[in-house]
Every structure is written in C-alpha cells, then in structure tokens.
Amino acid sequence: MNITEKPTGISMTDTPRLPVPPSATVAPASEYYTNTNANYFARHRSISISSKAASQTTENAANPMDDTGPTKYRRQRRGSHDDKACKPRRFLIDVEETQRLILEQEDTDGDFQITVNDIGPKVITLGTADSAGFNKYDIRGTYMLSNLLQELSLAQDYGRKYVVLDEARLNENPVDRLSRMIRHHFWDGLTRRIDAEGLEMISNDPKSRSKNTSPRIYIPYGEDEVFQYYKNVKIAKPSLHLQVEQLPKDITAIYVQSINDKPGILALAMTKNVDEEGHETLKGVPFVVPGGRFNEMYGWDSYFESLGLLVDGRLELAKGMVDNFVYEIQHYGKILNANRSYYLTRTQPPFLTDMMLKVYDRLPLSLEAENRQWLAVVLTAAIKEYFTVWMSVPRYDPVSGLSRFYSEGIGMPPETEATHFDHVIKPFADAMGMSIEDYSKKYNEGIVIEPVLDTYFKHDRAVRESGHDTTYRLDNCCADIATVDLAALLYKYEMDIAETIQTIFGDSFETPFFESFETLNTPKKEQPQTVVHTAAEWLERARIRQDKLNHYCWNEERGMFFDYDTRLKTMGTYESVTTFYTMWAGCADRDKAERMMAVALPLFEVTGGLVCGTESSRGYISLARPNRQWDFPFGWAPHQIISWIGFERYGFLEDTKRICYRWLYTITKAFVDFNGVVPEKFDVVNLTHKVQVEYGNVGTDFKFIPREGFGWMNASYQVGLGYMDRGLRRALGAVSDPCHVFASRELELRKKKALNNPSIVTELPDVTTRLLRPHPM
C-alpha cells in the first residue's frame with residue numbers, strides 16, 4: 001500500500017470510522033512526534049485556557065474512575081445509537097499521567113506490558129483534541145491499550161509531555177503496524193558499528209561471565225592502521241577504559257582458550273572518511289545484530305536479516321554486512337559464528353554466495369564497473385572460504401566427499417550460562433570428590449584430563465557451529481554428521497559460483513591459489529600463485545555433490561533426505577525439516593521434490609508453520625531429558641524462509657502461501673496479544689512464545705514497547721508478506737485462524753479450477769531468479 005491509498009486497517013471499536021489520512025499511521029515516530037503534533041499545539045496555545053486547567057482536563061479525560069466505589073470501572077457497551085464521528089478522531093493526552101494510569105489499572109502482572117494475561121478492565125477514557133479534552137471516548141481492548149502504551153513511550157522518547165494522538169495509530173491494522181515498526185524502528189534498534197562512536201554499545205556482552213568487565217577489542221594481525229586508530233580512541237576516551245589488543249598471525253585453539261578470561265569484540269571492516277574538521281579518519285561499516293543477549297554480528301543470522309533489509313530498501317546496510325563477512329574471511333580465516341573472541345575457532349552455515357548475489361542484483365546499474373569490482377572481491381572471498389574451510393579437514397570427510405560442522409576449540413564453550421553443563425560435569429566431579437565448579441575449572445585449565453568430555457565438547461561446539469544449538473538430532477554426534485542442510489548449502493555455493501563466473505565474468509575468473517584437501521599432496525613449489533576458474537569446473541563440483549547427497553542421504557521409502565553419519569557410515573533416522581534445504585538450493589530433482597511435498601511436508605506442517613522435527617524423532621521428554629529448542633514443538637524463522645523459497649522454486653505456490661500464512665499468523669497473533677512482542681522463536685504446535693526450554697526466548701523482555709524485535713524474525717515477516725495476496729493479507733490483518741482461512745480458500749480454488757479460471761498459476765516460476773518480491777508498503 002503506498003501512502004496515497006486508503007489503509008486497510010480493521011476497526012477495533014464498535015463505532016464506524018471514516019477513512020483517516022494515511023500519514024497518521026505510516027509516519028515513523030521520528031516524524032509523527034516532531035511534526036504532526038507541533039501543528040496542533042501551535043493552534044492549541046491560542047486557546048484561552050490556563051496550563052493548570054488544561055492539565056486537569058487532560059487528567060480527567062484520561063481517568064476512567066469515578067467516585068462510585070465498587071462500580072468505578074463499569075462502562076456501558078457502545079450501541080448503534082452512539083454518536084458517530086464525522087472525521088478521524090484524535091486525542092489530547094497528558095503523556096506521563098496517562099502512562100501512570102494505564103499501568104496502574106491495566107498492568108495487573110507488573111511486567112510493564114498490556115497483554116491478554118492482564119485482568120484489568122481493558123478500557124480507558126481519553127479526551128478528544130478537538131474539544132480540548134472535554135469530550136470523552138473509551139479506548140477498549142488489549143490491542144488498542146497496548147498500542148496506547150507503546151505510543152506514550154515513543155512520545156516520551158521525543159520529550160513530549162502532551163501529545164495529540166490519532167486513533168488510527170491505536171486501531172491500526174496489526175500487519176501494517178508490525179511491518180512499519182520493523183521497517184522504521186526495529187532495524188535501527190539492531191544496527192551497530194564498531195568505531196569510536198559505536199564501541200560502547202557493541203562492547204556490551206550479556207553472555208560474558210568474565211570478572212574482567214572492561215571493554216576490549218581485538219585487532220587482526222597486519223591491520224596496523226586500524227590498531228593505531230583504536231589506540232587513539234583509548235586515549236581520546238579514557239572513560240571507556242578500552243583495552244586494545246592485536247591478534248597473532250596464527251590463531252590456534254590453544255590461543256583462543258588462553259583469552260577466554262579476557263573476552264572482547266573482534267574488529268570488522270572500516271572505511272576512510274573525512275570528519276567535520278577535515279581530517280581523514282576511519283568509520284566502522286554498519287551491521288545488524290540478532291538482538292537481546294546476542295549483541296554482535298552472527299553468521300547465518302546475518303543472511304536472513306539481509307533478506308529483510310533488502311525488502312525494506314536498506315541496501316547499503318545489507319551490502320555492509322557482506323563487506324564485513326569478506327573482512328572476516330580475509331582476516332580471521334572464516335565467516336565467524338559471531339565477532340567475539342571466543343568464537344574465533346567457530347564458523348556457521350555458509351550463505352555468502354546467495355547473499356552477495358541478492359545485494360549485487362540491486363546495486364545501481366549506473367555503477368556497473370564498481371559493482372563488478374565489488375562482486376569480484378566477494379566472490380574471491382567465497383571461493384577461499386569454500387576451499388579452506390569446507391573442503392579442508394577436519395570439516396571435510398574424504399571418504400564420503402561430504403562436509404561436516406567441526407570447531408577446533410578446547411574446553412567448554414565460555415559463552416554459555418554458568419550452570420549449562422552442570423548435568424554433564426556432575427558425574428565426573430562426583431567420581432573425583434570435587435565440586436562441579438572446581439572440576440570445571442581444572443578441566444578447562446588442562447589439569448584434569450577426561451577423553452569422554454573432550455569428545456562431548458567437540459560435538460557440542462560443532463552443534464553451535466551448525467546454528468542448531470541444541471537438538472537431539474545432533475546430540476553428542478554432530479562433528480561426525482554430514483548434515484543435509486550443509487550439503488545443500490555447499491551445492492548452492494557451487495551453482496552460484498558457476499553462474500556468476502559464466503554470466504558476469506565471461507566464464508573466466510582468477511583468484512589466488514587456496515589450499516584444500518584436494519591439494520594436500522601437491523608440493524609447495526608446484527602450487528601455482530593463481531588459479532583461473534571456469535563455470536564448467538564448478539558445475540561439475542555441484543553434480544558430484546548432488547550425486548553424493550542422493551546416494552548417502554536420500555531415503556526413497558520415507559520420501560525425504562536424512563543426515564549421514566561419517567563415522568558409523570550409516571544414514572540417520574531423525575526426521576528434520578532441513579530436508580527442504582534441498583529444494584531451496586535446487587539440488588532435489590522433480591520426483592524427489594514432489595515426493596517430499598506429499599510425504600514429508602505433512603510431518604512438519606502444524607498450525608503455526610513448520611516445526612523443526614517430528615515428535616517421534618525427538619523422543620520422550622523428562623526431567624533428565626528436557627526439551628531442546630531446535631526440536632519439536634518449536635519453529636524458527638530460517639526454516640520457514642528456506643522452505644517458502646524452496647516450495648516456490650518448484651512451483652508449489654499454494655503450499656508456499658499456506659505455510660507462510662501459518663507462520664505470519666503466529667507472529668501477528670503474538671504481536672496483537674502480547675504488547676507487540678516479536679520473539680526469537682515459537683512453539684508452533686501450541687502457538688505460544690512462552691517456552692520452557694534452554695535459554696528461554698530472546699526478544700520478550702522489554703518495558704512499554706519492543707525496540708528491536710528479533711533479527712531473523714523481523715526479516716521473516718517482511719519477506720513473508722511478499723507471498724500474501726490481497727485476500728490473505730486481509731485475513732492476516734483480522735488475525736484469522738489459518739485452518740478456517742484455507743478451508744474456505746480451498747473451496748474457492750476448486751471452483752476457479754473447475755471454471756478454468758486463468759488466475760490460477762500453473763506455470764513453474766523461473767528458478768534462476770534471485771530477486772525478492774517487494775510487499776505492499
């Protein structure tokens with residue numbers, strides 16, 4: 001919807017409303033609370049009324065209480081005979097007093113949010129602006145009251161004591177409101193930069209348990225200019241107590257363990273700029289963090305976040321994240337799990353080639369030469385990562401020819417909660433007559449040697465590198481598992497590289513020579529300085545990987561792909577939604593894709609979207625065997641987005657819309673019922689974000705208004721809206737149950753097909769497209 005169209009909002013009141021000016025709802029807070037209300041107050045000051053009287057009028061207008069004792073909250077139900085507004089309604093509000101009142105009356109559980117769990121009267125009276133607060137109107141229901149609380153908080157952000165608020169911002173269509181908040185507020189709230197201005201914010205690490213709380217930044221070896229820049233920042237800003245350290249040339253697991261008690265942020269890409277005084281200086285390339293306790297740039301999170309950024313027109317921010325990935329590959333040897341010192345030995349699922357191509361497709365056509373040069377730099381980094389990380393031991397398995405997640409770290413992952421591994425350590429500590437704390441300390445220091453724990457933590461680090469931390473699918477075996485998702489991702493790398501070399505670089509692309517398992521037996525003196533790559537070479541790599549994936553991972557009887565255990569040399573049995581990665585990457589043939597849609601999809605499709613795995617694969621749950629967050633009944637944004645794109649790629653358009661609607665419904669319902677919450681994950685079976693599982697749920701702990709949402713959840717909403725046609729978007733705005741929506745939709749589709757209606761799409765889409773569809777603004 002563009003800003004000249006009439007909004008499609010649903011009314012939360014019984015009184016009919018006339019169309020409101022779109023600017024009342026689509027304007028971000030930075031404009032609404034600095035421009036819109038200024039015009040009113042300039043007029044309001046000309047009215048002959050004392051400030052004291054105005055304050056009293058507003059206070060009375062906001063106060064739903066009277067002096068009738070036990071009946072003070074009673075409100076008559078509005079009827080059809082009530083006065084109807086002849087123009088959009090606006091309210092004159094005393095911000096602080098109204099906020100105090102709404103919390104006192106409605107926030108019965110004391111969490112500074114208005115949700116369906118609160119048992120207040122769910123009504124508050126406001127005075128209209130046109131009557132200077134004299135005429136009163138009831139604001140009713142959880143959604144409108146929570147929106148009021150949020151708008152009051154935004155008004156306070158801009159220093160407003162009084163505000164004129166459009167009713168349209170209180171009963172705004174929840175789909176429009178959430179999308180607007182993501183586009184104008186959440187992305188900004190999640191954006192970080194590592195330089196003199198951004199250090200204080202990015203240095204905060206809620207995961208750190210170190211007693212050394214001074215902010216610390218690690219600079220890569222050879223980055224002398226950057227090192228000197230931060231030394232100057234330390235001098236210029238002594239209040240930061242910044243510690244600046246330079247990494248060695250060779251970063252080993254032993255070195256990384258030695259600095260675990262001195263955690264710090266890892267420097268990322270910087271650009272040269274001229275400051276206000278005309279001096280040349282460095283400025284950090286911005287990026288987006290997931291949110292909450294995850295206050296750094298993560299690997300696969302960044303890919304999904306970039307999809308949302310591109311939908312919202314934030315091209316430079318998405319491009320900056322690609323640039324930061326290139327910097328990590330060049331200086332840290334890999335795309336990091338995240339840019340903290342304790343992640344130096346760990347990578348994450350590879351998405352760089354798809355990410356770079358989606359950004360490249362949107363770069364200005366007028367800068368073709370610059371764009372091509374930028375793409376060449378990124379492509380070189382992706383090829384380096386492919387060979388040195390994924391096609392090298394220990395991640396590469398030479399027997400199967402497939403790759404695995406594997407981190408070379410030592411000891412326990414230091415970013416976990418203090419008691420996270422107590423159940424693992426306790427039997428070993430008891431056997432030696434030691435406390436868990438003492439045993440853990442001595443084990444990490446290498447004083448206590450325990451091979452069983454070494455193996456356990458090898459697999460635990462691999463699980464974290466996989467991004468699926470944690471799941472019974474990969475429990476105590478991950479470093480041996482060639483997962484379906486990783487195989488599909490590397491197939492996508494090979495196809496993307498082939499396509500790029502062929503279509504953009506004239507089927508010839510030169511890079512430095514990169515070592516891998518394939519070249520281990522090549523003497524140093526025989527290794528070339530450079531290598532010229534062709535599309536045919538990479539297409540052959542993709543063909544070989546596809547054959548191996550089909551051989552080791554496809555189960556014809558069960559109609560889906562499974563992981564492969566490279567140690568036991570057996571196919572796994574855990575039913576995982578990651579089977580659909582093969583459709584996203586395009587490595588499943590037509591027969592296999594149709595088989596998965598017929599057999600596998602019903603296993604994972606639930607009311608709220610796609611669940612991570614089946615209940616039977618997860619197994620029984622008890623106090624000794626608790627739920628894991630990447631198992632049944634949980635659903636995550638990455639799996640949804642990957643599956644939507646995969647289903648559409650093979651022409652399953654109606655399935656795509658149905659699965660997508662289920663997920664967007666889950667997000668929208670939580671947003672409406674729980675004060676605008678946008679969490680990290682959902683229980684998609686029981687449709688709740690209130691989960692009893694390891695780590696809890698990031699993104700739910702806020703006061704008054706959500707400021708960030710959660711990175712890939714925000715992205716999934718913005719990307720998902722692009723799959724909604726007009727009818728589905730209208731149903732989503734009304735928070736209509738997906739079961740009802742698609743029952744009636746199925747009947748409608750059958751009628752159209754019976755009439756040979758041309759609106760039914762039967763042709764397969766062009767699977768080579770990389771462009772995300774923009775959704776209505």
# chains A, B, ... in the order shown; residues from 1 in each chain; ligands from 1
>>> residues_around(residues="stretch 599-613 of chain A", least_positions_apart="5", cutoff="8 Å", atoms="only C-alpha atoms", output="JSON, numbers by chain")
{"A": [558, 559, 560, 574, 575, 576, 577, 578, 618, 630, 631, 632, 633, 634, 635, 636, 639, 640, 659, 660, 661, 662, 663, 665, 666, 683, 684, 685, 686, 687, 738, 739]}
>>> residues_around(residues="A:Arg180", least_positions_apart="4", cutoff="8 Å", atoms="only C-alpha atoms", output="ChimeraX atom specification")
/A:26,28,176,184-185
>>> write_last_selection(atoms="N, CA, C and O atoms", output="tab-separated table (two decimals), in the first residue's frame")
chain	number	residue	atom	x	y	z
A	26	VAL	N	1.28	5.66	8.78
A	26	VAL	CA	2.52	5.23	8.16
A	26	VAL	C	3.73	6.04	8.60
A	26	VAL	O	4.86	5.62	8.39
A	28	PRO	N	6.72	7.29	10.65
A	28	PRO	CA	7.51	6.78	11.78
A	28	PRO	C	7.45	7.76	12.94
A	28	PRO	O	7.13	8.95	12.77
A	176	ASP	N	0.00	-3.95	9.17
A	176	ASP	CA	0.64	-2.69	8.78
A	176	ASP	C	1.50	-2.14	9.90
A	176	ASP	O	2.60	-1.63	9.66
A	184	HIS	N	10.85	0.92	10.29
A	184	HIS	CA	11.28	2.24	10.78
A	184	HIS	C	11.93	2.23	12.16
A	184	HIS	O	12.57	3.21	12.53
A	185	HIS	N	11.74	1.17	12.93
A	185	HIS	CA	12.25	1.17	14.31
A	185	HIS	C	13.19	-0.01	14.61
A	185	HIS	O	14.29	0.19	15.12
>>> residues_around(residues="A:Ile254", least_positions_apart="2", cutoff="12 Å", atoms="only C-alpha atoms", output="list in words")
Asp250, Ile251, Thr252, Val256, Gln257, Ser258, Ile259, Asn260, Tyr342, Leu344, Thr345, Glu408, Gly409, Ile410, Gly411, Asn444, Glu445 and Gly446 of chain A
>>> write_last_selection(atoms="C-alpha atoms", output="mmCIF file, in the first residue's frame")
data_model
loop_
_atom_site.group_PDB
_atom_site.id
_atom_site.type_symbol
_atom_site.label_atom_id
_atom_site.label_comp_id
_atom_site.auth_asym_id
_atom_site.auth_seq_id
_atom_site.Cartn_x
_atom_site.Cartn_y
_atom_site.Cartn_z
ATOM 1 C CA ASP A 250 48.270 -17.781 13.516
ATOM 2 C CA ILE A 251 45.134 -18.127 15.620
ATOM 3 C CA THR A 252 45.152 -21.548 17.274
ATOM 4 C CA VAL A 256 41.706 -18.789 21.809
ATOM 5 C CA GLN A 257 41.344 -20.730 25.058
ATOM 6 C CA SER A 258 44.062 -18.573 26.648
ATOM 7 C CA ILE A 259 41.981 -15.397 26.128
ATOM 8 C CA ASN A 260 38.648 -16.825 27.278
ATOM 9 C CA TYR A 342 35.532 -16.876 21.996
ATOM 10 C CA LEU A 344 37.414 -17.421 16.692
ATOM 11 C CA THR A 345 37.564 -21.172 16.007
ATOM 12 C CA GLU A 408 38.726 -26.817 16.755
ATOM 13 C CA GLY A 409 38.127 -25.251 20.176
ATOM 14 C CA ILE A 410 39.311 -26.576 23.545
ATOM 15 C CA GLY A 411 37.292 -26.976 26.734
ATOM 16 C CA ASN A 444 39.357 -26.076 31.286
ATOM 17 C CA GLU A 445 42.910 -25.467 32.500
ATOM 18 C CA GLY A 446 44.009 -28.907 31.293
#
>>> closest_residue(among="A:Glu694, A:Asp157, A:Asp475, A:Glu680", to="A:Glu708", atoms="only C-alpha atoms")
A:Glu680
>>> atom_distance(atom1="atom CA of A:Glu746", atom2="atom CA of A:Gly727")
12.9 Å
>>> residues_around(residues="A:Ala487", least_positions_apart="5", cutoff="10 Å", atoms="only C-alpha atoms", output="JSON, numbers by chain")
{"A": [402, 403, 404, 482, 492, 493, 545, 546, 548, 549, 553, 563, 581, 582, 585, 587]}
>>> residues_around(residues="A:Leu266", least_positions_apart="6", cutoff="8 Å", atoms="only C-alpha atoms", output="PyMOL selection string")
chain A and resi 217-219+339-341
>>> select_by_dssp(residues="stretch 192-401 of chain A", states="helix (DSSP H, G or I)", output="ChimeraX atom specification")
/A:199-203,224-236,238-240,253-258,299-311,315-332,341-343,352-360,365-390
>>> residues_around(residues="A:Thr519", least_positions_apart="6", cutoff="12 Å", atoms="only C-alpha atoms", output="PyMOL selection string")
chain A and resi 387-388+391-393+513+526-528
>>> atom_distance(atom1="atom CA of A:Leu367", atom2="atom CA of A:Met321")
19.7 Å
>>> closest_residue(among="A:Val448, A:Leu453, A:Cys478, A:Leu307", to="A:Pro427", atoms="only C-alpha atoms")
A:Leu453
>>> closest_residue(among="A:Val484, A:Ala462, A:Leu474, A:Val326", to="A:Arg346", atoms="only C-alpha atoms")
A:Ala462
>>> residues_around(residues="A:Val531", least_positions_apart="6", cutoff="7 Å", atoms="only C-alpha atoms", output="list in words")
Glu510, Thr511, Pro512 and Phe513 of chain A
>>> write_last_selection(atoms="all heavy atoms", output="tab-separated table (two decimals), in the first residue's frame")
chain	number	residue	atom	x	y	z
A	510	GLU	N	39.89	-15.32	-12.10
A	510	GLU	CA	41.19	-15.63	-11.50
A	510	GLU	C	41.21	-15.28	-10.02
A	510	GLU	O	40.76	-14.20	-9.62
A	510	GLU	CB	42.30	-14.86	-12.22
A	510	GLU	CG	43.70	-15.26	-11.76
A	510	GLU	CD	44.79	-14.57	-12.57
A	510	GLU	OE1	44.45	-13.66	-13.37
A	510	GLU	OE2	45.97	-14.93	-12.42
A	511	THR	N	41.72	-16.21	-9.21
A	511	THR	CA	41.88	-15.99	-7.77
A	511	THR	C	43.26	-16.48	-7.35
A	511	THR	O	43.90	-17.25	-8.08
A	511	THR	CB	40.82	-16.75	-6.95
A	511	THR	OG1	41.11	-18.16	-7.01
A	511	THR	CG2	39.43	-16.49	-7.46
A	512	PRO	N	43.70	-16.10	-6.17
A	512	PRO	CA	44.91	-16.74	-5.62
A	512	PRO	C	44.66	-18.23	-5.43
A	512	PRO	O	43.52	-18.69	-5.38
A	512	PRO	CB	45.11	-16.02	-4.28
A	512	PRO	CG	44.37	-14.74	-4.40
A	512	PRO	CD	43.20	-15.02	-5.30
A	513	PHE	N	45.73	-18.99	-5.33
A	513	PHE	CA	45.62	-20.43	-5.05
A	513	PHE	C	45.24	-20.63	-3.59
A	513	PHE	O	45.84	-20.05	-2.68
A	513	PHE	CB	46.95	-21.11	-5.34
A	513	PHE	CG	47.00	-22.54	-4.87
A	513	PHE	CD1	46.42	-23.56	-5.62
A	513	PHE	CD2	47.62	-22.87	-3.67
A	513	PHE	CE1	46.47	-24.87	-5.18
A	513	PHE	CE2	47.67	-24.18	-3.23
A	513	PHE	CZ	47.09	-25.18	-3.99
>>> closest_residue(among="A:Tyr360, A:Tyr143, A:Tyr327, A:Phe112", to="A:Thr500", atoms="only C-alpha atoms")
A:Tyr360
>>> closest_residue(among="A:Lys262, A:Arg293, A:Arg314, A:Arg395", to="A:Trp187", atoms="only C-alpha atoms")
A:Arg314
>>> atom_distance(atom1="atom CA of A:Gly333", atom2="atom CA of A:Glu415")
21.0 Å
>>> select_by_dssp(residues="stretch 311-412 of chain A", states="strand (DSSP E)", output="number ranges by chain")
A: 396-397, 402-403
